[in-house]
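Visitor: Quick one, work.txt (compact mmCIF, C-alpha atoms):
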```
# COMPACT_ATOMS: atom_id res chain seq x y z
CA MET O 1 -92.41 -23.97 106.03
CA SER O 2 -88.92 -22.49 106.40
CA GLU O 3 -87.04 -21.33 103.32
CA ARG O 4 -85.26 -24.17 101.56
CA HIS O 5 -81.68 -23.81 100.37
CA ALA O 6 -80.07 -25.11 97.15
CA GLU O 7 -76.43 -25.27 96.11
CA ILE O 8 -75.99 -25.47 92.32
CA VAL O 9 -72.72 -26.38 90.64
CA GLY O 10 -72.24 -24.99 87.13
CA ALA O 11 -73.42 -21.69 85.63
CA GLY O 12 -74.37 -22.95 82.19
CA PHE O 13 -77.81 -23.32 80.63
CA ALA O 14 -78.95 -26.02 83.06
CA GLY O 15 -77.52 -24.54 86.25
CA LEU O 16 -78.73 -21.00 85.66
CA THR O 17 -82.19 -22.13 84.56
CA ALA O 18 -82.51 -24.25 87.69
CA ALA O 19 -81.32 -21.31 89.78
CA CYS O 20 -83.92 -18.96 88.28
CA ALA O 21 -86.76 -21.44 88.61
CA LEU O 22 -85.96 -22.43 92.20
CA ALA O 23 -85.44 -18.84 93.40
CA GLN O 24 -88.72 -17.78 91.79
CA ARG O 25 -90.40 -20.51 93.86
CA GLY O 26 -89.03 -19.28 97.14
CA TRP O 27 -85.74 -21.15 97.43
CA ASN O 28 -82.54 -19.58 98.67
CA VAL O 29 -80.06 -20.40 95.88
CA ARG O 30 -76.30 -20.20 95.44
CA VAL O 31 -74.54 -21.08 92.16
CA HIS O 32 -70.89 -22.15 92.04
CA GLU O 33 -68.96 -21.53 88.81
CA ARG O 34 -65.41 -22.86 88.55
CA ALA O 35 -64.29 -20.22 86.01
CA ASP O 36 -63.43 -16.64 86.89
CA ARG O 37 -66.47 -15.34 85.01
CA LEU O 38 -69.63 -16.63 83.38
CA ARG O 39 -68.81 -17.78 79.89
CA THR O 40 -69.96 -20.53 77.60
CA THR O 41 -68.19 -22.97 75.32
CA GLY O 42 -69.28 -22.93 71.72
CA ALA O 43 -70.43 -19.89 69.80
CA GLY O 44 -73.99 -19.93 68.52
CA ILE O 45 -77.01 -22.04 69.39
CA TYR O 46 -80.45 -22.78 67.99
CA ILE O 47 -83.25 -22.30 70.48
CA TYR O 48 -86.53 -23.87 69.46
CA GLU O 49 -90.05 -23.44 70.79
CA ASN O 50 -89.40 -25.67 73.80
CA GLY O 51 -86.37 -23.68 74.94
CA LEU O 52 -88.01 -20.33 74.20
CA ARG O 53 -90.91 -21.22 76.48
CA VAL O 54 -88.46 -21.98 79.27
CA LEU O 55 -86.72 -18.65 78.77
CA GLU O 56 -90.11 -16.94 78.96
CA ALA O 57 -91.00 -18.85 82.13
CA VAL O 58 -87.83 -17.74 83.96
CA GLY O 59 -87.87 -14.15 82.70
CA ALA O 60 -84.88 -14.34 80.37
CA TYR O 61 -86.55 -14.43 76.95
CA ASP O 62 -86.37 -10.79 75.84
CA ALA O 63 -82.69 -10.34 76.68
CA ALA O 64 -81.71 -13.75 75.28
CA VAL O 65 -83.21 -13.22 71.81
CA ASN O 66 -82.59 -9.48 71.53
CA GLY O 67 -81.10 -8.90 68.08
CA ALA O 68 -81.24 -12.60 67.16
CA PRO O 69 -82.66 -13.46 63.74
CA PHE O 70 -85.71 -15.65 63.40
CA ALA O 71 -84.60 -18.89 61.74
CA HIS O 72 -87.01 -19.92 59.01
CA THR O 73 -85.23 -22.36 56.67
CA ARG O 74 -82.53 -25.00 56.84
CA GLU O 75 -80.91 -26.29 53.65
CA VAL O 76 -78.61 -29.29 53.25
CA ARG O 77 -76.22 -29.20 50.28
CA ASP O 78 -73.59 -31.58 48.92
CA GLY O 79 -69.95 -30.95 48.07
CA ASP O 80 -70.92 -29.52 44.69
CA ASP O 81 -73.39 -27.10 46.29
CA ARG O 82 -76.38 -29.08 45.03
CA LEU O 83 -79.49 -28.91 47.19
CA ILE O 84 -80.23 -32.19 49.01
CA SER O 85 -83.12 -31.17 51.24
CA THR O 86 -84.94 -28.15 52.65
CA HIS O 87 -86.75 -27.85 55.96
CA ARG O 88 -88.91 -24.84 56.81
CA TRP O 89 -89.98 -24.16 60.36
CA ALA O 90 -93.65 -23.27 60.25
CA GLY O 91 -95.99 -22.85 63.17
CA SER O 92 -93.25 -22.58 65.80
CA ARG O 93 -90.44 -20.22 66.74
CA VAL O 94 -86.76 -20.88 66.16
CA PHE O 95 -83.99 -18.37 66.82
CA SER O 96 -80.28 -18.67 66.15
CA VAL O 97 -78.59 -16.91 69.04
CA VAL O 98 -75.12 -16.08 70.34
CA ARG O 99 -74.68 -18.50 73.27
CA GLN O 100 -73.11 -15.91 75.55
CA ASN O 101 -76.21 -13.72 75.19
CA VAL O 102 -78.33 -16.55 76.59
CA ILE O 103 -75.96 -17.10 79.52
CA ASN O 104 -75.98 -13.36 80.27
CA ALA O 105 -79.79 -13.25 80.11
CA LEU O 106 -80.19 -16.26 82.42
CA ALA O 107 -77.63 -14.88 84.87
CA ALA O 108 -79.39 -11.51 84.99
CA ALA O 109 -82.75 -13.22 85.59
CA ALA O 110 -81.19 -15.31 88.37
CA VAL O 111 -79.71 -12.26 90.10
CA ARG O 112 -83.07 -10.46 89.88
CA ALA O 113 -84.64 -13.46 91.60
CA GLY O 114 -82.11 -13.22 94.44
CA VAL O 115 -79.62 -15.91 93.40
CA GLU O 116 -76.04 -15.64 94.63
CA ILE O 117 -73.51 -16.50 91.90
CA VAL O 118 -69.96 -17.28 93.06
CA THR O 119 -67.12 -17.55 90.53
CA ASP O 120 -63.76 -19.25 91.07
CA SER O 121 -65.63 -21.80 93.19
CA VAL O 122 -64.74 -25.42 92.41
CA ALA O 123 -66.95 -28.25 93.67
CA THR O 124 -65.45 -31.73 93.92
CA ALA O 125 -68.15 -34.03 95.27
CA ALA O 126 -71.66 -34.31 96.65
CA THR O 127 -73.46 -36.76 98.91
CA ALA O 128 -76.98 -38.14 98.81
CA ASP O 129 -77.81 -36.46 102.12
CA GLY O 130 -77.12 -32.97 100.73
CA GLU O 131 -73.49 -32.13 101.43
CA LEU O 132 -71.36 -30.35 98.83
CA ALA O 133 -67.56 -30.53 99.03
CA LEU O 134 -65.50 -27.66 97.60
CA ALA O 135 -61.88 -27.73 96.51
CA ASP O 136 -60.93 -25.26 99.25
CA GLY O 137 -61.94 -27.82 101.88
CA ARG O 138 -65.33 -26.38 102.84
CA LYS O 139 -68.39 -28.58 103.07
CA LEU O 140 -71.79 -26.98 102.56
CA LYS O 141 -75.13 -28.42 103.62
CA ALA O 142 -78.27 -27.90 101.56
CA ASP O 143 -81.80 -29.17 101.14
CA LEU O 144 -80.94 -29.72 97.47
CA ILE O 145 -77.73 -29.98 95.45
CA VAL O 146 -77.85 -29.66 91.67
CA GLY O 147 -74.95 -30.95 89.59
CA ALA O 148 -74.93 -29.00 86.33
CA ASP O 149 -71.17 -29.25 85.91
CA GLY O 150 -70.99 -30.60 82.36
CA SER O 151 -70.03 -33.88 80.75
CA ASN O 152 -66.97 -34.24 83.01
CA SER O 153 -69.17 -33.84 86.09
CA ARG O 154 -67.34 -34.44 89.36
CA LEU O 155 -70.60 -34.49 91.27
CA ARG O 156 -72.11 -37.21 89.09
CA ASP O 157 -69.01 -39.34 89.34
CA SER O 158 -68.69 -38.88 93.10
CA LEU O 159 -72.15 -40.44 93.41
CA GLY O 160 -71.42 -43.34 91.04
CA LEU O 161 -74.35 -42.46 88.76
CA LEU O 162 -72.67 -42.84 85.36
CA ALA O 163 -74.06 -45.77 83.35
CA LYS O 164 -72.62 -45.05 79.89
CA ARG O 165 -70.23 -42.56 78.35
CA LYS O 166 -69.67 -43.12 74.66
CA TYR O 167 -67.28 -40.95 72.68
CA LEU O 168 -68.58 -40.64 69.12
CA VAL O 169 -66.58 -40.75 65.89
CA ASP O 170 -67.01 -37.07 65.13
CA GLY O 171 -66.63 -33.65 66.68
CA CYS O 172 -66.94 -29.97 65.90
CA THR O 173 -65.09 -26.65 65.93
CA ARG O 174 -67.42 -23.73 66.66
CA LEU O 175 -66.71 -20.06 66.11
CA LEU O 176 -68.21 -16.67 65.36
CA MET O 177 -67.28 -14.32 62.53
CA ASP O 178 -68.32 -10.78 61.72
CA LYS O 179 -71.07 -10.22 59.19
CA THR O 180 -70.28 -8.48 55.94
CA ALA O 181 -72.16 -5.33 54.99
CA ALA O 182 -74.43 -7.40 52.73
CA GLU O 183 -75.17 -9.85 55.53
CA ARG O 184 -75.96 -6.99 57.91
CA ALA O 185 -78.36 -5.53 55.38
CA ALA O 186 -80.38 -8.76 55.11
CA THR O 187 -83.60 -8.45 57.11
CA GLU O 188 -85.57 -11.57 56.19
CA GLY O 189 -84.34 -13.67 59.12
CA ALA O 190 -81.81 -16.48 59.14
CA LYS O 191 -81.34 -19.25 56.62
CA THR O 192 -79.10 -22.04 57.86
CA ILE O 193 -77.08 -23.94 55.28
CA GLU O 194 -75.36 -27.24 56.03
CA TYR O 195 -72.71 -28.09 53.45
CA TRP O 196 -71.24 -31.61 53.15
CA SER O 197 -67.93 -32.66 51.60
CA GLY O 198 -66.88 -36.22 52.33
CA THR O 199 -66.98 -36.59 56.11
CA ARG O 200 -66.65 -32.86 56.66
CA ARG O 201 -69.49 -30.43 57.23
CA LEU O 202 -69.69 -26.66 57.33
CA LEU O 203 -72.74 -25.12 58.99
CA TYR O 204 -73.49 -21.47 58.24
CA THR O 205 -75.96 -19.56 60.44
CA PRO O 206 -76.55 -15.84 61.04
CA CYS O 207 -77.04 -15.52 64.82
CA SER O 208 -77.16 -11.80 65.66
CA GLU O 209 -77.20 -8.41 64.01
CA THR O 210 -73.41 -8.58 63.70
CA ASP O 211 -72.38 -12.26 63.89
CA ILE O 212 -72.32 -15.42 61.80
CA TYR O 213 -72.10 -18.76 63.59
CA ILE O 214 -69.88 -21.32 61.85
CA ALA O 215 -69.67 -24.96 62.90
CA LEU O 216 -67.05 -27.17 61.27
CA THR O 217 -67.76 -30.86 61.80
CA MET O 218 -65.36 -33.69 61.05
CA LEU O 219 -64.25 -37.15 62.16
CA ASP O 220 -62.31 -37.05 65.39
CA ASN O 221 -59.36 -38.76 63.70
CA ASP O 222 -59.23 -36.03 61.03
CA ASP O 223 -56.45 -34.14 62.80
CA ILE O 224 -55.91 -31.55 60.08
CA ALA O 225 -59.60 -30.64 59.86
CA LYS O 226 -60.01 -30.30 63.64
CA ALA O 227 -56.88 -28.17 64.13
CA VAL O 228 -57.35 -24.82 65.87
CA PRO O 229 -56.63 -22.22 64.56
CA VAL O 230 -58.60 -23.56 61.61
CA ARG O 231 -56.55 -24.78 58.65
CA LYS O 232 -58.30 -22.62 56.10
CA ASP O 233 -56.34 -24.09 53.20
CA GLU O 234 -57.64 -27.55 54.10
CA TRP O 235 -61.25 -26.43 54.41
CA LYS O 236 -61.09 -24.49 51.13
CA ARG O 237 -59.86 -27.65 49.45
CA ALA O 238 -62.95 -29.47 50.75
CA PHE O 239 -65.30 -26.57 49.93
CA PRO O 240 -63.81 -24.60 47.03
CA HIS O 241 -67.09 -22.77 46.36
CA LEU O 242 -66.94 -21.38 49.94
CA GLU O 243 -63.44 -19.94 49.65
CA ALA O 244 -64.53 -16.36 50.34
CA LEU O 245 -66.43 -17.43 53.45
CA ILE O 246 -63.62 -19.61 54.82
CA ASP O 247 -61.10 -16.81 54.32
CA ARG O 248 -63.08 -14.78 56.87
CA ILE O 249 -62.43 -17.28 59.67
CA GLY O 250 -60.14 -15.84 62.31
CA GLU O 251 -57.87 -17.42 64.92
CA GLN O 252 -60.65 -18.29 67.37
CA GLY O 253 -62.56 -21.51 67.72
CA ARG O 254 -62.76 -24.52 70.00
CA TYR O 255 -62.89 -28.19 69.07
CA ASP O 256 -65.03 -30.65 71.06
CA ARG O 257 -65.63 -34.32 70.42
CA PHE O 258 -69.26 -35.43 70.46
CA GLU O 259 -70.35 -37.87 73.13
CA LEU O 260 -73.37 -39.62 74.56
CA ILE O 261 -73.95 -39.87 78.32
CA LYS O 262 -76.58 -41.87 80.20
CA LEU O 263 -76.98 -42.29 83.94
CA LYS O 264 -78.24 -45.09 86.15
CA ARG O 265 -80.41 -42.47 87.83
CA TRP O 266 -80.68 -38.71 87.54
CA SER O 267 -80.51 -38.27 91.29
CA ALA O 268 -79.25 -39.72 94.54
CA GLY O 269 -81.12 -38.62 97.64
CA ARG O 270 -80.99 -34.82 97.74
CA THR O 271 -78.61 -34.41 94.78
CA ALA O 272 -79.89 -34.08 91.19
CA ILE O 273 -77.83 -34.14 87.98
CA VAL O 274 -78.96 -32.04 84.99
CA GLY O 275 -77.76 -30.95 81.56
CA ASP O 276 -74.76 -32.52 79.83
CA ALA O 277 -73.71 -34.13 83.10
CA ALA O 278 -76.85 -36.28 82.88
CA HIS O 279 -77.59 -36.62 79.18
CA ALA O 280 -74.95 -35.21 76.81
CA LEU O 281 -75.88 -35.84 73.17
CA PRO O 282 -74.57 -34.96 69.71
CA PRO O 283 -75.97 -31.69 68.32
CA ASN O 284 -77.65 -33.11 65.22
CA ILE O 285 -81.10 -31.75 66.14
CA GLY O 286 -79.88 -28.83 68.25
CA GLN O 287 -81.51 -29.91 71.50
CA GLY O 288 -78.69 -30.19 74.04
CA GLY O 289 -79.47 -26.77 75.48
CA GLY O 290 -83.21 -27.21 75.05
CA CYS O 291 -83.31 -30.45 77.04
CA ALA O 292 -81.04 -28.97 79.71
CA MET O 293 -83.32 -25.98 80.22
CA MET O 294 -86.54 -28.02 80.12
CA ASN O 295 -85.29 -30.49 82.69
CA ALA O 296 -83.93 -27.74 84.94
CA LEU O 297 -87.24 -25.87 84.97
CA SER O 298 -89.31 -29.00 85.55
CA LEU O 299 -86.98 -29.95 88.42
CA ALA O 300 -88.08 -26.80 90.26
CA VAL O 301 -91.74 -27.45 89.46
CA TYR O 302 -91.65 -30.96 90.93
CA LEU O 303 -89.90 -29.68 94.04
CA GLU O 304 -92.65 -27.08 94.41
CA ARG O 305 -95.29 -29.83 94.25
CA GLU O 306 -93.59 -32.20 96.68
CA ASN O 307 -91.89 -31.24 99.95
CA ASN O 308 -89.96 -34.51 100.10
CA VAL O 309 -86.88 -33.80 97.98
CA PRO O 310 -85.85 -37.40 97.12
CA GLY O 311 -89.45 -38.26 96.22
CA ALA O 312 -89.80 -35.16 94.05
CA LEU O 313 -86.59 -35.97 92.21
CA GLU O 314 -87.76 -39.51 91.48
CA ALA O 315 -91.08 -38.23 90.10
CA TRP O 316 -89.24 -35.61 88.03
CA GLU O 317 -87.04 -38.25 86.41
CA ARG O 318 -89.96 -40.59 85.64
CA GLU O 319 -91.74 -37.78 83.81
CA GLU O 320 -88.87 -36.09 81.99
CA ARG O 321 -86.38 -38.81 81.15
CA PRO O 322 -88.32 -40.57 78.33
CA LEU O 323 -88.39 -37.49 76.08
CA THR O 324 -84.72 -36.74 76.77
CA GLU O 325 -83.72 -40.28 75.82
CA HIS O 326 -85.86 -40.06 72.66
CA THR O 327 -83.92 -36.90 71.80
CA GLN O 328 -80.62 -38.69 72.36
CA ARG O 329 -81.66 -41.59 70.11
CA ILE O 330 -82.78 -39.38 67.22
CA SER O 331 -79.72 -37.14 67.49
CA TYR O 332 -77.41 -40.17 67.47
CA PHE O 333 -79.29 -41.78 64.56
CA LEU O 334 -79.05 -38.64 62.42
CA GLY O 335 -75.28 -38.58 62.94
CA LEU O 336 -74.72 -42.08 61.57
CA PRO O 337 -74.54 -41.00 57.87
CA THR O 338 -71.33 -39.06 58.65
CA THR O 339 -69.22 -42.13 57.91
CA TRP O 340 -71.27 -43.40 54.96
CA PRO O 341 -70.12 -43.07 51.31
CA PRO O 342 -71.19 -39.67 49.94
CA SER O 343 -73.73 -41.06 47.47
CA LEU O 344 -75.42 -43.17 50.15
CA ARG O 345 -75.35 -40.30 52.62
CA THR O 346 -76.87 -37.90 50.10
CA ALA O 347 -79.70 -40.35 49.44
CA ALA O 348 -80.28 -40.87 53.17
CA LEU O 349 -80.31 -37.15 53.94
CA GLY O 350 -82.74 -36.55 51.10
CA ILE O 351 -85.08 -39.22 52.44
CA ALA O 352 -84.77 -37.85 55.98
CA GLY O 353 -85.73 -34.40 54.74
CA ARG O 354 -88.82 -35.70 52.92
CA SER O 355 -90.03 -38.30 55.43
CA LYS O 356 -92.94 -36.92 57.45
CA TRP O 357 -92.35 -39.57 60.12
CA LEU O 358 -88.68 -38.64 60.54
CA VAL O 359 -89.52 -34.94 60.59
CA ARG O 360 -92.01 -35.63 63.41
CA GLN O 361 -89.40 -37.56 65.38
CA ARG O 362 -86.82 -34.84 64.81
CA THR O 363 -89.15 -32.00 65.85
CA ARG O 364 -90.97 -33.77 68.70
CA THR O 365 -88.68 -32.27 71.37
CA ALA O 366 -88.67 -28.82 69.77
CA LEU O 367 -92.47 -28.66 69.92
CA HIS O 368 -92.81 -30.14 73.40
CA ARG O 369 -94.37 -28.07 76.15
CA SER O 370 -92.27 -28.70 79.21
CA THR O 371 -93.61 -28.95 82.75
CA GLY O 372 -93.75 -25.38 84.02
CA THR O 373 -94.12 -23.59 80.68
```
Have the structure of the file written as structure tokens, please.

Guide:
Amino acid sequence: MSERHAEIVGAGFAGLTAACALAQRGWNVRVHERADRLRTTGAGIYIYENGLRVLEAVGAYDAAVNGAPFAHTREVRDGDDRLISTHRWAGSRVFSVVRQNVINALAAAAVRAGVEIVTDSVATAATADGELALADGRKLKADLIVGADGSNSRLRDSLGLLAKRKYLVDGCTRLLMDKTAAERAATEGAKTIEYWSGTRRLLYTPCSETDIYIALTMLDNDDIAKAVPVRKDEWKRAFPHLEALIDRIGEQGRYDRFELIKLKRWSAGRTAIVGDAAHALPPNIGQGGGCAMMNALSLAVYLERENNVPGALEAWEREERPLTEHTQRISYFLGLPTTWPPSLRTAALGIAGRSKWLVRQRTRTALHRSTGT
């Protein structure tokens, strides 16, 4: 059989994982990235067992987690710094990682596999019969097109696949800060602490030998709290016991509103949609990247099993979509307490931390062994 060719739009977690997996299975692959270089939004990310297995499968694991601390405990605390719940990851791996390190590792693995990565290349539309339109007027033919172009996906919308796009009530500003000498000296791994104050949250996570990942979460209509650069005076008022930490925040940061995306179908003919373009979800269980990578790897596996591209894509969706939609439901459900009165929210978070059933639902995706791993 002659070598098959794939055009992939988007050099994020989903696009680069798909590129690696397809190239390793004999495909000729080209990735289009609209930016002038490979870079990621956000700052840090949690990668659980499911995502780590994918990184291993595509040859990006060692570089992605190099210097990243092993995450062992997650605490939830209220506005008075009282402990609400504790979760310890036992029996599986979890790393907190600088997102750019993962992108760099995936890109390097893709290049080693023979993938061509083109920057400053903007795709505008795709067809079911495998034609990709670029902003410069070119039209490229391929056996497979992969739309991994994010929640504002032009490829998805050009095919009319969007079924639901729901903007949620909250959002987040993510940033990195330098570790202090004491934080650099700590060698026991990473303890994540999630602090609540009213409808505002501050998430603290060591994510490399030199960096702390901070996520500030608030209601989308809380204009002062979501301002960038961060209004440190406002956040110190909400978290007075974290004044020293908040003072370390610099001028960087990016605010994004959370959203939920569902499609009518994940594919149309020879074009597949993956990652946030297909199934964006709030980050309450840290599985946006994990689902993107799992689905991208399994996409290549199904195409290896079945020569008929449309048939392979249909089988891929039947197998992979149920777990992804479970992940969306749980992530959305765990975000509902954001708008509840503090006393009710504290009680709910305490129950969620102690409930074995809820813990199983929350960790089901993290412990899943994806097709191809």

Visitor: Between O:Glu75, O:Ala125, O:Ala148, O:Ala23, which is the closest to O:Leu202 once you count only C-alpha atoms?

Guide: O:Glu75

Visitor: Out of O:Glu319, O:Asp233, O:Asp129, O:Asp81, which residue has the shortest atom-to-atom distance to O:Ile249 when counting all atoms listed in the file?

Guide: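 The answer is O:Asp233, which sits nearest to O:Ile249.
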
Visitor: Please determine the residues with any atom at most 9 Å from (-72.8, -45.3, 85.3) (coordinates as given in the file, with only C-alpha atoms counting) and report them as a PDB file with C-alpha atoms, in the frame of the given file.

Guide:
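The result, stored in point_30.pdb:
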```pdb
ATOM      1  CA  ARG O 156     -72.110 -37.210  89.090  1.00  0.00           C
ATOM      2  CA  ASP O 157     -69.010 -39.340  89.340  1.00  0.00           C
ATOM      3  CA  GLY O 160     -71.420 -43.340  91.040  1.00  0.00           C
ATOM      4  CA  LEU O 161     -74.350 -42.460  88.760  1.00  0.00           C
ATOM      5  CA  LEU O 162     -72.670 -42.840  85.360  1.00  0.00           C
ATOM      6  CA  ALA O 163     -74.060 -45.770  83.350  1.00  0.00           C
ATOM      7  CA  LYS O 164     -72.620 -45.050  79.890  1.00  0.00           C
ATOM      8  CA  ARG O 165     -70.230 -42.560  78.350  1.00  0.00           C
ATOM      9  CA  ILE O 261     -73.950 -39.870  78.320  1.00  0.00           C
ATOM     10  CA  LYS O 262     -76.580 -41.870  80.200  1.00  0.00           C
ATOM     11  CA  LEU O 263     -76.980 -42.290  83.940  1.00  0.00           C
ATOM     12  CA  LYS O 264     -78.240 -45.090  86.150  1.00  0.00           C
ATOM     13  CA  ARG O 265     -80.410 -42.470  87.830  1.00  0.00           C
TER      14      ARG O 265
END
```

Visitor: If I wrap all listed atoms of stretch 139-147 of chain O in a box with edges along x, y and z and add 8 Å on each side, what are its centre and edge lengths in Å to one decimal, as lines of an AutoDock Vina configuration file?

Guide:
```
center_x = -75.1
center_y = -29.0
center_z = 96.6
size_x = 29.4
size_y = 20.0
size_z = 30.0
```

Visitor: Which residue is closest to O:Arg82? Choose from O:Glu234, O:Glu49, O:Glu194, O:Glu183 and count all atoms listed in the file.

Guide: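 Among O:Glu234, O:Glu49, O:Glu194, O:Glu183, it is O:Glu194 that comes nearest to O:Arg82.
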
Visitor: Kindly indicate which residue among O:Arg254, O:Arg318, O:Arg88, O:Arg53 lies nearest to O:Ala71, using only C-alpha atoms for the distances.

Guide: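 Of O:Arg254, O:Arg318, O:Arg88, O:Arg53, the one nearest O:Ala71, counting only C-alpha atoms, is O:Arg88.
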
Visitor: Taking into account all atoms listed in the file, which residue in the set O:Pro282, O:Pro322, O:Gly198, O:Gly275 is nearest to O:Pro342?

Guide: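 Looking only at the distances to O:Pro342, the closest residue turns out to be O:Gly198.
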
Visitor: Quote the spacing between atom CA of O:Arg248 and atom CA of O:Arg77 in Å to one decimal place.

Guide: 20.6 Å

Visitor: Would you pick out the contacts of O:Lys166 at 10 Å or less, using all atoms listed in the file, so that residues sharing its chain but fewer than 5 positions from it are not included, and give the list as an MDAnalysis selection string?

Guide: chainID O and resid 258:262 280:281

Visitor: Just the number, please: distance in Å from atom CA of O:Val94 to atom CA of O:Tyr213, one decimal.

Guide: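 A separation of 15.0 Å between them.
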
Visitor: Report, in Å with one decimal, the straight-line distance from atom CA of O:Ile330 to atom CA of O:Lys226.

Guide: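 It comes out at 24.8 Å.
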